[in-house]
file protein-v7.cif (mmCIF, C-alpha atoms)
data_my_file
loop_
_atom_site.label_atom_id
_atom_site.label_comp_id
_atom_site.auth_asym_id
_atom_site.auth_seq_id
_atom_site.Cartn_x
_atom_site.Cartn_y
_atom_site.Cartn_z
CA MET A 27 16.30 -13.49 -4.92
CA ARG A 28 16.39 -12.35 -8.54
CA GLU A 29 16.32 -8.58 -8.79
CA ASN A 30 14.68 -8.57 -12.20
CA PHE A 31 12.01 -11.27 -11.94
CA LEU A 32 9.43 -8.86 -13.37
CA GLN A 33 10.42 -5.77 -15.37
CA ILE A 34 7.70 -3.37 -16.48
CA ASN A 35 8.40 -0.42 -18.76
CA ILE A 36 5.18 0.42 -20.56
CA GLU A 37 2.84 3.17 -21.70
CA LYS A 38 -0.90 3.01 -22.31
CA ASN A 39 -3.01 5.90 -23.58
CA TYR A 40 -6.76 6.43 -23.31
CA PRO A 41 -8.88 9.50 -24.07
CA GLY A 42 -8.13 11.88 -21.21
CA PHE A 43 -5.77 9.52 -19.38
CA SER A 44 -2.33 8.02 -19.89
CA LEU A 45 -0.37 5.50 -17.86
CA LYS A 46 3.42 5.25 -17.76
CA ALA A 47 5.03 2.67 -15.51
CA ASN A 48 8.62 1.61 -14.95
CA LEU A 49 8.95 -1.03 -12.22
CA LYS A 50 11.09 -3.96 -11.17
CA ILE A 51 9.58 -6.65 -8.93
CA HIS A 52 11.75 -9.13 -7.05
CA GLU A 53 11.13 -12.88 -7.07
CA GLY A 54 9.14 -13.98 -4.01
CA GLU A 55 8.28 -10.38 -3.14
CA PHE A 56 4.99 -9.02 -1.84
CA PHE A 57 4.69 -5.73 -3.72
CA SER A 58 1.80 -3.28 -3.37
CA LEU A 59 0.42 -0.62 -5.69
CA VAL A 60 -1.31 2.08 -3.66
CA GLY A 61 -3.06 5.26 -4.72
CA PRO A 62 -6.48 6.95 -5.01
CA SER A 63 -9.27 5.63 -7.19
CA GLY A 64 -8.64 6.28 -10.87
CA CYS A 65 -4.86 6.56 -10.60
CA GLY A 66 -4.20 3.53 -12.85
CA LYS A 67 -3.60 0.68 -10.38
CA THR A 68 -6.12 -1.75 -11.88
CA THR A 69 -5.13 -0.74 -15.43
CA LEU A 70 -1.53 -1.66 -14.62
CA LEU A 71 -2.62 -5.08 -13.32
CA ARG A 72 -4.64 -5.70 -16.46
CA LEU A 73 -1.62 -4.83 -18.61
CA ILE A 74 0.61 -7.19 -16.61
CA SER A 75 -1.94 -10.01 -16.87
CA GLY A 76 -2.46 -9.55 -20.61
CA LEU A 77 -6.10 -8.49 -20.39
CA GLU A 78 -4.94 -5.29 -22.12
CA GLU A 79 -1.93 -4.57 -24.34
CA PRO A 80 0.40 -1.59 -23.87
CA ASP A 81 0.82 0.99 -26.63
CA GLN A 82 4.57 1.07 -26.03
CA GLY A 83 7.17 -0.79 -24.00
CA ARG A 84 7.73 -4.32 -22.78
CA ILE A 85 6.93 -6.63 -19.88
CA ILE A 86 9.65 -9.17 -19.02
CA MET A 87 8.91 -11.99 -16.55
CA ALA A 88 11.47 -14.59 -15.50
CA GLY A 89 13.67 -13.50 -18.40
CA ALA A 90 10.96 -13.91 -21.07
CA ASP A 91 9.18 -11.15 -22.98
CA ILE A 92 5.46 -11.67 -22.27
CA THR A 93 4.23 -8.33 -23.69
CA LEU A 94 2.16 -10.01 -26.42
CA VAL A 95 1.71 -13.45 -24.84
CA PRO A 96 -2.01 -14.40 -24.41
CA PRO A 97 -3.25 -14.23 -20.79
CA ALA A 98 -3.81 -17.99 -20.49
CA GLN A 99 -0.16 -18.64 -21.33
CA ARG A 100 1.45 -16.17 -18.91
CA ARG A 101 1.24 -18.30 -15.73
CA ILE A 102 -0.25 -15.36 -13.86
CA GLY A 103 -3.04 -15.76 -11.31
CA PHE A 104 -5.57 -12.96 -10.80
CA VAL A 105 -7.83 -12.35 -7.78
CA PHE A 106 -10.42 -9.77 -8.79
CA GLN A 107 -12.06 -7.23 -6.49
CA ASP A 108 -15.39 -9.09 -6.61
CA TYR A 109 -13.57 -12.49 -6.69
CA ALA A 110 -15.36 -13.42 -9.99
CA LEU A 111 -16.17 -16.91 -8.68
CA PHE A 112 -18.40 -19.17 -10.78
CA PRO A 113 -21.80 -19.40 -8.99
CA HIS A 114 -22.80 -22.58 -10.86
CA LEU A 115 -19.75 -24.46 -9.56
CA THR A 116 -18.96 -25.77 -6.08
CA VAL A 117 -15.97 -24.61 -4.05
CA ALA A 118 -13.97 -27.58 -5.34
CA GLY A 119 -15.19 -26.93 -8.88
CA ASN A 120 -14.00 -23.34 -8.75
CA ILE A 121 -10.57 -24.38 -7.52
CA GLU A 122 -10.33 -27.10 -10.17
CA TYR A 123 -11.29 -24.80 -13.06
CA GLY A 124 -7.79 -23.59 -13.93
CA LEU A 125 -6.43 -27.12 -13.73
CA LYS A 126 -8.99 -28.24 -16.33
CA VAL A 127 -7.88 -25.39 -18.58
CA GLN A 128 -4.34 -26.77 -18.24
CA ARG A 129 -5.72 -30.20 -19.22
CA LEU A 130 -4.21 -31.83 -16.17
CA PRO A 131 -5.20 -35.51 -15.65
CA ALA A 132 -8.17 -36.02 -13.33
CA SER A 133 -6.11 -37.76 -10.65
CA LYS A 134 -3.65 -34.86 -10.45
CA ARG A 135 -6.48 -32.32 -10.46
CA GLN A 136 -8.20 -34.02 -7.54
CA ALA A 137 -4.97 -34.28 -5.56
CA ARG A 138 -4.24 -30.56 -6.11
CA VAL A 139 -7.78 -29.53 -5.13
CA LYS A 140 -7.59 -31.65 -1.97
CA GLU A 141 -4.24 -30.05 -1.10
CA LEU A 142 -5.62 -26.52 -1.53
CA LEU A 143 -8.82 -27.23 0.37
CA ALA A 144 -6.67 -28.30 3.31
CA LEU A 145 -4.27 -25.36 2.95
CA PHE A 146 -7.11 -22.82 3.04
CA GLU A 147 -9.11 -24.71 5.70
CA LEU A 148 -11.97 -25.41 3.30
CA GLU A 149 -12.04 -29.23 3.60
CA LYS A 150 -15.66 -29.34 4.78
CA MET A 151 -16.84 -26.88 2.13
CA GLY A 152 -15.68 -28.57 -1.07
CA GLN A 153 -19.21 -29.37 -2.25
CA ARG A 154 -20.80 -26.10 -1.18
CA ARG A 155 -22.11 -23.56 -3.67
CA ILE A 156 -20.55 -20.11 -3.69
CA GLN A 157 -23.82 -18.42 -2.70
CA GLY A 158 -23.67 -20.09 0.71
CA LEU A 159 -20.23 -18.76 1.66
CA SER A 160 -19.27 -15.78 3.80
CA GLY A 161 -17.10 -12.97 2.46
CA GLY A 162 -13.99 -14.40 4.10
CA GLU A 163 -14.67 -17.88 2.75
CA ARG A 164 -15.17 -16.53 -0.78
CA GLN A 165 -11.88 -14.68 -0.50
CA ARG A 166 -10.09 -17.92 0.43
CA VAL A 167 -11.72 -19.78 -2.47
CA ALA A 168 -10.64 -17.04 -4.89
CA LEU A 169 -7.05 -17.27 -3.64
CA ALA A 170 -7.07 -21.07 -3.83
CA ARG A 171 -8.42 -20.97 -7.41
CA ALA A 172 -5.77 -18.43 -8.45
CA LEU A 173 -2.96 -20.49 -6.91
CA ALA A 174 -4.16 -23.89 -8.15
CA PRO A 175 -2.27 -23.78 -11.50
CA GLU A 176 0.91 -22.76 -9.59
CA PRO A 177 1.35 -19.35 -11.23
CA LEU A 178 4.68 -17.57 -11.34
CA LEU A 179 2.95 -14.36 -10.29
CA LEU A 180 -0.24 -13.60 -8.34
CA LEU A 181 -2.12 -10.33 -8.94
CA MET A 182 -4.73 -9.15 -6.42
CA ASP A 183 -7.04 -6.21 -7.08
CA GLU A 184 -8.37 -4.90 -3.73
CA PRO A 185 -9.61 -8.34 -2.62
CA PHE A 186 -10.59 -7.10 0.87
CA SER A 187 -12.57 -4.00 -0.14
CA ALA A 188 -16.02 -5.51 0.51
CA LEU A 189 -15.12 -6.91 3.96
CA ASP A 190 -15.47 -5.31 7.38
CA TYR A 191 -12.43 -3.94 9.18
CA SER A 192 -11.78 -6.81 11.62
CA LEU A 193 -12.14 -9.46 8.90
CA ARG A 194 -9.82 -7.50 6.57
CA ARG A 195 -7.15 -7.40 9.28
CA ARG A 196 -7.38 -11.13 9.91
CA LEU A 197 -7.38 -12.10 6.23
CA ARG A 198 -4.47 -9.89 5.26
CA ARG A 199 -2.44 -11.43 8.09
CA GLU A 200 -3.35 -14.90 6.80
CA LEU A 201 -2.50 -13.84 3.25
CA LYS A 202 0.92 -12.58 4.26
CA GLU A 203 1.67 -15.78 6.19
CA LEU A 204 0.56 -17.87 3.20
CA GLN A 205 2.70 -15.87 0.77
CA GLU A 206 5.75 -16.27 3.01
CA LYS A 207 5.08 -20.01 3.36
CA LEU A 208 4.59 -20.70 -0.37
CA GLY A 209 7.04 -18.09 -1.64
CA PHE A 210 5.01 -16.86 -4.60
CA THR A 211 5.52 -13.38 -6.05
CA ALA A 212 2.53 -11.10 -5.46
CA ILE A 213 1.35 -7.68 -6.59
CA PHE A 214 -1.41 -6.31 -4.40
CA VAL A 215 -3.56 -3.30 -5.31
CA THR A 216 -5.14 -1.18 -2.57
CA HIS A 217 -6.16 2.40 -1.87
CA GLN A 218 -5.83 1.87 1.89
CA GLN A 219 -2.47 2.96 3.26
CA GLU A 220 -2.73 0.68 6.33
CA GLU A 221 -2.97 -2.42 4.12
CA ALA A 222 -0.06 -1.27 1.96
CA LEU A 223 2.18 -0.57 4.96
CA SER A 224 1.37 -3.80 6.82
CA LEU A 225 1.59 -6.21 3.86
CA SER A 226 4.31 -4.90 1.59
CA GLU A 227 8.00 -5.58 1.37
CA ARG A 228 8.02 -2.71 -1.11
CA LEU A 229 5.30 -0.51 -2.54
CA ALA A 230 4.72 2.05 -5.26
CA ILE A 231 2.58 5.16 -4.78
CA MET A 232 0.59 6.09 -7.90
CA LYS A 233 -1.13 9.31 -8.94
CA ASP A 234 -2.71 10.22 -12.30
CA GLY A 235 -1.14 7.28 -14.14
CA ARG A 236 2.36 7.92 -12.80
CA ILE A 237 4.48 6.22 -10.15
CA MET A 238 5.43 8.90 -7.65
CA GLN A 239 7.74 6.87 -5.40
CA THR A 240 8.86 3.27 -4.85
CA GLY A 241 10.52 1.79 -1.77
CA THR A 242 9.99 -0.19 1.41
CA ALA A 243 7.09 0.79 3.64
CA VAL A 244 9.50 2.43 6.09
CA GLU A 245 11.37 4.32 3.36
CA VAL A 246 8.25 5.73 1.74
CA TYR A 247 6.50 6.59 5.02
CA GLU A 248 9.53 8.13 6.71
CA ASN A 249 11.07 9.83 3.65
CA PRO A 250 8.40 10.78 1.11
CA CYS A 251 9.80 12.58 -1.93
CA HIS A 252 6.64 14.47 -2.82
CA PRO A 253 3.87 16.28 -0.85
CA PHE A 254 1.27 13.96 -2.38
CA VAL A 255 3.07 10.86 -1.10
CA ALA A 256 3.42 12.38 2.38
CA GLY A 257 -0.26 13.24 2.56
CA PHE A 258 -1.61 10.06 0.99
CA LEU A 259 0.43 7.50 2.90
CA GLY A 260 -0.67 8.47 6.38
CA ASP A 261 -1.32 11.85 7.97
CA ALA A 262 1.35 14.54 7.70
CA ASN A 263 1.96 18.11 8.80
CA LEU A 264 3.49 19.97 5.85
CA ILE A 265 4.87 23.28 7.09
CA PRO A 266 6.26 25.87 4.64
CA CYS A 267 9.80 26.80 5.56
CA ASN A 268 13.02 28.31 4.27
CA LEU A 269 16.32 26.45 4.52
CA GLN A 270 19.72 28.09 5.02
CA PHE A 271 23.06 26.46 5.76
CA GLU A 272 25.13 27.77 8.69
CA THR A 273 28.53 26.08 9.20
CA LYS A 274 27.79 22.37 9.64
CA THR A 275 24.11 22.63 10.46
CA ALA A 276 20.90 23.66 8.72
CA LYS A 277 18.78 26.62 9.78
CA VAL A 278 15.10 26.08 9.05
CA SER A 279 12.85 29.13 9.38
CA LEU A 280 9.27 27.94 9.91
CA GLN A 281 5.99 29.59 9.06
CA GLY A 282 4.19 29.88 12.36
CA GLY A 283 7.14 28.90 14.56
CA LYS A 284 10.69 29.73 15.50
CA ASP A 285 13.94 28.94 13.73
CA LEU A 286 15.25 25.41 14.05
CA PHE A 287 18.86 24.27 13.77
CA LEU A 288 18.77 20.70 12.48
CA PRO A 289 22.11 18.94 11.88
CA ASP A 290 20.37 15.78 10.59
CA ILE A 291 18.31 17.52 7.89
CA ARG A 292 19.23 16.39 4.37
CA ALA A 293 19.04 18.80 1.45
CA GLU A 294 21.29 19.58 -1.50
CA LYS A 295 20.65 23.32 -1.59
CA ALA A 296 19.09 26.17 0.33
CA GLY A 297 15.65 27.50 -0.51
CA LYS A 298 11.95 26.96 0.10
CA TYR A 299 10.74 23.55 1.30
CA LEU A 300 7.95 21.84 3.17
CA LEU A 301 8.96 20.56 6.59
CA MET A 302 7.14 17.26 7.08
CA VAL A 303 6.35 16.04 10.58
CA ARG A 304 4.05 13.07 11.20
CA PRO A 305 1.34 13.69 13.87
CA GLU A 306 2.86 11.05 16.16
CA ASP A 307 6.19 12.93 16.08
CA LEU A 308 4.79 16.16 17.53
CA LEU A 309 5.33 16.18 21.29
CA LEU A 310 3.32 17.70 24.10
CA ASN A 311 4.77 18.57 27.53
CA THR A 312 8.27 19.05 26.15
CA GLU A 313 10.95 21.55 27.16
CA GLU A 314 11.84 22.33 23.52
CA VAL A 315 8.67 24.17 22.47
CA ILE A 316 8.52 24.97 18.75
CA PHE A 317 4.86 25.97 18.40
CA GLN A 318 2.25 27.49 20.69
CA GLY A 319 -1.45 27.34 19.98
CA LYS A 320 -4.95 26.49 21.13
CA ILE A 321 -6.50 23.04 20.86
CA ARG A 322 -9.23 23.35 18.25
CA SER A 323 -10.47 19.75 18.36
CA LEU A 324 -9.84 16.71 20.51
CA GLU A 325 -10.81 13.21 19.34
CA TYR A 326 -10.52 10.10 21.53
CA LEU A 327 -9.15 7.10 19.56
CA GLY A 328 -9.01 4.43 22.26
CA TYR A 329 -5.22 4.14 22.26
CA GLY A 330 -4.83 7.92 22.60
CA TYR A 331 -6.02 11.21 21.14
CA HIS A 332 -6.03 12.99 17.80
CA ILE A 333 -5.63 16.74 18.27
CA GLU A 334 -5.90 19.70 15.96
CA LEU A 335 -4.01 22.71 17.26
CA MET A 336 -4.20 26.20 15.72
CA THR A 337 -1.19 28.45 16.28
CA SER A 338 -1.52 32.23 16.62
CA GLU A 339 0.06 32.52 13.14
CA GLY A 340 -2.81 30.49 11.65
CA LEU A 341 -0.95 27.19 11.21
CA LEU A 342 -3.08 24.08 11.81
CA LEU A 343 -1.16 21.14 13.30
CA LYS A 344 -2.36 17.54 13.58
CA ILE A 345 -1.07 15.67 16.62
CA VAL A 346 -1.46 12.09 17.85
CA THR A 347 -0.67 11.56 21.53
CA GLY A 348 -1.09 8.82 24.13
CA LYS A 349 -3.58 8.24 26.92
CA GLU A 350 -1.29 9.95 29.42
CA ASN A 351 -2.57 13.29 28.10
CA HIS A 352 -6.16 12.63 29.20
CA ASN A 353 -6.45 16.04 30.92
CA LEU A 354 -6.34 18.02 27.65
CA GLN A 355 -9.30 20.24 26.89
CA LYS A 356 -10.65 22.02 23.84
CA GLY A 357 -9.55 25.67 23.78
CA GLN A 358 -6.53 24.98 26.00
CA LEU A 359 -3.25 26.81 25.22
CA GLN A 360 -0.59 24.20 24.47
CA GLY A 361 3.10 24.11 23.57
CA VAL A 362 4.34 21.57 21.02
CA GLY A 363 7.80 20.20 20.21
CA ILE A 364 9.21 17.92 17.51
CA ARG A 365 10.70 14.51 18.18
CA PRO A 366 14.49 14.65 17.48
CA GLY A 367 15.32 13.47 13.97
CA ALA A 368 11.66 13.15 12.93
CA ALA A 369 11.37 16.27 10.74
CA LYS A 370 12.04 15.80 7.00
CA LEU A 371 12.32 18.28 4.13
CA ILE A 372 10.26 17.83 0.97
CA PRO A 373 10.91 20.05 -2.09
CA ILE A 374 7.96 22.24 -3.02
CA LYS A 375 6.58 20.86 -6.30
CA ARG A 376 5.09 23.42 -8.65
#

call {"tool": "encode", "arguments": {"input": "protein-v7.cif", "output": "structure tokens"}}
result
Amino acid sequence: MRENFLQINIEKNYPGFSLKANLKIHEGEFFSLVGPSGCGKTTLLRLISGLEEPDQGRIIMAGADITLVPPAQRRIGFVFQDYALFPHLTVAGNIEYGLKVQRLPASKRQARVKELLALFELEKMGQRRIQGLSGGERQRVALARALAPEPLLLLMDEPFSALDYSLRRRLRRELKELQEKLGFTAIFVTHQQEEALSLSERLAIMKDGRIMQTGTAVEVYENPCHPFVAGFLGDANLIPCNLQFETKTAKVSLQGGKDLFLPDIRAEKAGKYLLMVRPEDLLLNTEEVIFQGKIRSLEYLGYGYHIELMTSEGLLLKIVTGKENHNLQKGQLQGVGIRPGAAKLIPIKR
């Protein structure tokens, strides 16, 4: 795997908004850009594809500078949010379109279209019009069309956003299996943290035109470097605290709880932090009680319960627990502990 298959170091300025991005994408990697609407995800894809030009910086792909190369010459496929399929063409015609642009001989075009129709299980739909397809079928056609010219890189801009939840889950599983089978490099844009976590080998969290953190799904979820990342990529309890070092351990004084002595806490210096604990890492019915409070809300999720607990000090905690705690009631006084090793410190950003 080449570490520097795609190197992005660019800046783009608009009235009231600027984007700065510095990224390295590995060859054969499934990389996701995740963040709220308006953070610059789609703009970054458009810059990579050549639909827009950066004001500063360069884009290097497979060792070549493509910063000013026209889009049609970049060997980059693009699956748009609305798929942008041609309604006047059949399924086969849509898939063949990019091959015609490449001026491939008819015999090779037909062989490639037949191959892709089989790969995406569209063999019986080759002559259908786009209007007669379901959302999932259109998504497969859009992917087949993007992959037909054998691009070096595939860009996908929220291709599942218009689909229902169960279909999204099935299609993203199929997409991941296809990417692993064919080995193409992919950049996937989404604002849904579940998609980013389940699909990505690595991901970048974006906010206001800036990349806040990059890493594997586990790294970013378990060790967020910023309160925004912790709160955006899943639910998080962010508890103000003060850190002091005592011999070989760390003393963490919590707002709304007792002092904790945490030998596995990592921090370079003492001071004020946010103690991050994911809801699934707060424990009920534990001997080591850290917080006491009343259950303010109780929501049944099927696999368990989502609880909001208000401590006497006014700290609101979010907790996810299993079905074994089915006897909980709203207003009940409850003790809460923290799973060993699950608490992380995040510097307070001003």

call {"tool": "residues_around", "arguments": {"input": "protein-v7.cif", "residues": "Leu371 in chain A", "least_positions_apart": "5", "cutoff": "12 Å", "atoms": "all atoms listed in the file", "output": "PyMOL selection string"}}
result
chain A and resi 248-253+256+263-269+276-278+280+288+290-303

call {"tool": "write_last_selection", "arguments": {"input": "protein-v7.cif", "atoms": "C-alpha atoms", "output": "PDB file, keeping the file's coordinate frame"}}
result
ATOM      1  CA  GLU A 248       9.530   8.130   6.710  1.00  0.00           C
ATOM      2  CA  ASN A 249      11.070   9.830   3.650  1.00  0.00           C
ATOM      3  CA  PRO A 250       8.400  10.780   1.110  1.00  0.00           C
ATOM      4  CA  CYS A 251       9.800  12.580  -1.930  1.00  0.00           C
ATOM      5  CA  HIS A 252       6.640  14.470  -2.820  1.00  0.00           C
ATOM      6  CA  PRO A 253       3.870  16.280  -0.850  1.00  0.00           C
ATOM      7  CA  ALA A 256       3.420  12.380   2.380  1.00  0.00           C
ATOM      8  CA  ASN A 263       1.960  18.110   8.800  1.00  0.00           C
ATOM      9  CA  LEU A 264       3.490  19.970   5.850  1.00  0.00           C
ATOM     10  CA  ILE A 265       4.870  23.280   7.090  1.00  0.00           C
ATOM     11  CA  PRO A 266       6.260  25.870   4.640  1.00  0.00           C
ATOM     12  CA  CYS A 267       9.800  26.800   5.560  1.00  0.00           C
ATOM     13  CA  ASN A 268      13.020  28.310   4.270  1.00  0.00           C
ATOM     14  CA  LEU A 269      16.320  26.450   4.520  1.00  0.00           C
ATOM     15  CA  ALA A 276      20.900  23.660   8.720  1.00  0.00           C
ATOM     16  CA  LYS A 277      18.780  26.620   9.780  1.00  0.00           C
ATOM     17  CA  VAL A 278      15.100  26.080   9.050  1.00  0.00           C
ATOM     18  CA  LEU A 280       9.270  27.940   9.910  1.00  0.00           C
ATOM     19  CA  LEU A 288      18.770  20.700  12.480  1.00  0.00           C
ATOM     20  CA  ASP A 290      20.370  15.780  10.590  1.00  0.00           C
ATOM     21  CA  ILE A 291      18.310  17.520   7.890  1.00  0.00           C
ATOM     22  CA  ARG A 292      19.230  16.390   4.370  1.00  0.00           C
ATOM     23  CA  ALA A 293      19.040  18.800   1.450  1.00  0.00           C
ATOM     24  CA  GLU A 294      21.290  19.580  -1.500  1.00  0.00           C
ATOM     25  CA  LYS A 295      20.650  23.320  -1.590  1.00  0.00           C
ATOM     26  CA  ALA A 296      19.090  26.170   0.330  1.00  0.00           C
ATOM     27  CA  GLY A 297      15.650  27.500  -0.510  1.00  0.00           C
ATOM     28  CA  LYS A 298      11.950  26.960   0.100  1.00  0.00           C
ATOM     29  CA  TYR A 299      10.740  23.550   1.300  1.00  0.00           C
ATOM     30  CA  LEU A 300       7.950  21.840   3.170  1.00  0.00           C
ATOM     31  CA  LEU A 301       8.960  20.560   6.590  1.00  0.00           C
ATOM     32  CA  MET A 302       7.140  17.260   7.080  1.00  0.00           C
ATOM     33  CA  VAL A 303       6.350  16.040  10.580  1.00  0.00           C
TER      34      VAL A 303
END

call {"tool": "resolve_selection", "arguments": {"input": "protein-v7.cif", "expression": "the PyMOL selection byres ((chain A and resi 244) around 12)", "output": "number ranges by chain"}}
result
A: 222-229, 240-243, 245-250, 259-260

call {"tool": "resolve_selection", "arguments": {"input": "protein-v7.cif", "expression": "the PyMOL selection byres ((chain A and resi 182) around 6)", "output": "JSON, numbers by chain"}}
result
{"A": [104, 105, 181, 183, 214]}

call {"tool": "atom_distance", "arguments": {"input": "protein-v7.cif", "atom1": "CA of Gln136 in chain A", "atom2": "CA of Ala118 in chain A"}}
result
8.9 Å

call {"tool": "atom_distance", "arguments": {"input": "protein-v7.cif", "atom1": "CA of Gly76 in chain A", "atom2": "CA of Ile102 in chain A"}}
result
9.2 Å

call {"tool": "resolve_selection", "arguments": {"input": "protein-v7.cif", "expression": "the PyMOL selection byres ((chain A and resi 322) around 12)", "output": "CSV table (one decimal) with C-alpha atoms, keeping the file's coordinate frame"}}
result
chain,number,residue,atom,x,y,z
A,319,GLY,CA,-1.4,27.3,20.0
A,320,LYS,CA,-5.0,26.5,21.1
A,321,ILE,CA,-6.5,23.0,20.9
A,323,SER,CA,-10.5,19.8,18.4
A,324,LEU,CA,-9.8,16.7,20.5
A,325,GLU,CA,-10.8,13.2,19.3
A,332,HIS,CA,-6.0,13.0,17.8
A,333,ILE,CA,-5.6,16.7,18.3
A,334,GLU,CA,-5.9,19.7,16.0
A,335,LEU,CA,-4.0,22.7,17.3
A,336,MET,CA,-4.2,26.2,15.7
A,337,THR,CA,-1.2,28.4,16.3
A,338,SER,CA,-1.5,32.2,16.6
A,340,GLY,CA,-2.8,30.5,11.6
A,341,LEU,CA,-1.0,27.2,11.2
A,342,LEU,CA,-3.1,24.1,11.8
A,343,LEU,CA,-1.2,21.1,13.3
A,344,LYS,CA,-2.4,17.5,13.6
A,345,ILE,CA,-1.1,15.7,16.6
A,354,LEU,CA,-6.3,18.0,27.6
A,355,GLN,CA,-9.3,20.2,26.9
A,356,LYS,CA,-10.6,22.0,23.8
A,357,GLY,CA,-9.6,25.7,23.8
A,358,GLN,CA,-6.5,25.0,26.0
A,359,LEU,CA,-3.2,26.8,25.2
A,360,GLN,CA,-0.6,24.2,24.5

call {"tool": "closest_atom_pairs", "arguments": {"input": "protein-v7.cif", "of": "range 57-130 of chain A", "to": "range 32-52 of chain A", "cutoff": "9 Å", "atoms": "all atoms listed in the file", "output": "CSV"}}
result
residue,atom,partner,partner_atom,distance
A:Phe57,CA,A:Ile51,CA,7.2
A:Cys65,CA,A:Leu45,CA,8.6
A:Gly66,CA,A:Leu45,CA,6.6
A:Thr69,CA,A:Leu45,CA,8.2
A:Leu70,CA,A:Ala47,CA,7.9
A:Leu73,CA,A:Lys38,CA,8.7
A:Ile74,CA,A:Ile34,CA,8.1
A:Glu79,CA,A:Lys38,CA,7.9
A:Pro80,CA,A:Lys38,CA,5.0
A:Asp81,CA,A:Lys38,CA,5.1
A:Gln82,CA,A:Glu37,CA,5.1
A:Gly83,CA,A:Ile36,CA,4.2
A:Arg84,CA,A:Asn35,CA,5.6
A:Ile85,CA,A:Ile34,CA,4.8
A:Ile86,CA,A:Gln33,CA,5.0
A:Met87,CA,A:Leu32,CA,4.5
A:Ala88,CA,A:Leu32,CA,6.4
A:Gly89,CA,A:Leu32,CA,8.1

call {"tool": "residues_around", "arguments": {"input": "protein-v7.cif", "residues": "Glu313 in chain A", "least_positions_apart": "2", "cutoff": "10 Å", "atoms": "only C-alpha atoms", "output": "CSV table (one decimal) with C-alpha atoms, in the coordinates of the input"}}
result
chain,number,residue,atom,x,y,z
A,309,LEU,CA,5.3,16.2,21.3
A,310,LEU,CA,3.3,17.7,24.1
A,311,ASN,CA,4.8,18.6,27.5
A,315,VAL,CA,8.7,24.2,22.5
A,316,ILE,CA,8.5,25.0,18.8
A,361,GLY,CA,3.1,24.1,23.6
A,362,VAL,CA,4.3,21.6,21.0
A,363,GLY,CA,7.8,20.2,20.2

call {"tool": "residues_around", "arguments": {"input": "protein-v7.cif", "residues": "range 198-206 of chain A", "least_positions_apart": "3", "cutoff": "9 Å", "atoms": "only C-alpha atoms", "output": "list of chain:residue names"}}
result
A:Gly54, A:Glu55, A:Phe56, A:Leu145, A:Leu169, A:Phe186, A:Leu193, A:Arg194, A:Arg195, A:Gly209, A:Phe210, A:Thr211, A:Ala212, A:Glu221, A:Ser224, A:Leu225, A:Ser226

call {"tool": "closest_residue", "arguments": {"input": "protein-v7.cif", "among": "A:Ala170, A:Leu286, A:Ile231, A:Leu94", "to": "Ala144 in chain A", "atoms": "all atoms listed in the file"}}
result
A:Ala170

call {"tool": "atom_distance", "arguments": {"input": "protein-v7.cif", "atom1": "CA of Tyr331 in chain A", "atom2": "CA of Lys370 in chain A"}}
result
23.4 Å

call {"tool": "residues_around", "arguments": {"input": "protein-v7.cif", "residues": "Lys349 in chain A", "least_positions_apart": "6", "cutoff": "10 Å", "atoms": "only C-alpha atoms", "output": "short mmCIF file (atom, residue, chain, number, x, y, z; two decimals) with C-alpha atoms, in the coordinates of the input"}}
result
data_model
loop_
_atom_site.label_atom_id
_atom_site.label_comp_id
_atom_site.auth_asym_id
_atom_site.auth_seq_id
_atom_site.Cartn_x
_atom_site.Cartn_y
_atom_site.Cartn_z
CA TYR A 326 -10.52 10.10 21.53
CA LEU A 327 -9.15 7.10 19.56
CA GLY A 328 -9.01 4.43 22.26
CA TYR A 329 -5.22 4.14 22.26
CA GLY A 330 -4.83 7.92 22.60
CA TYR A 331 -6.02 11.21 21.14
#
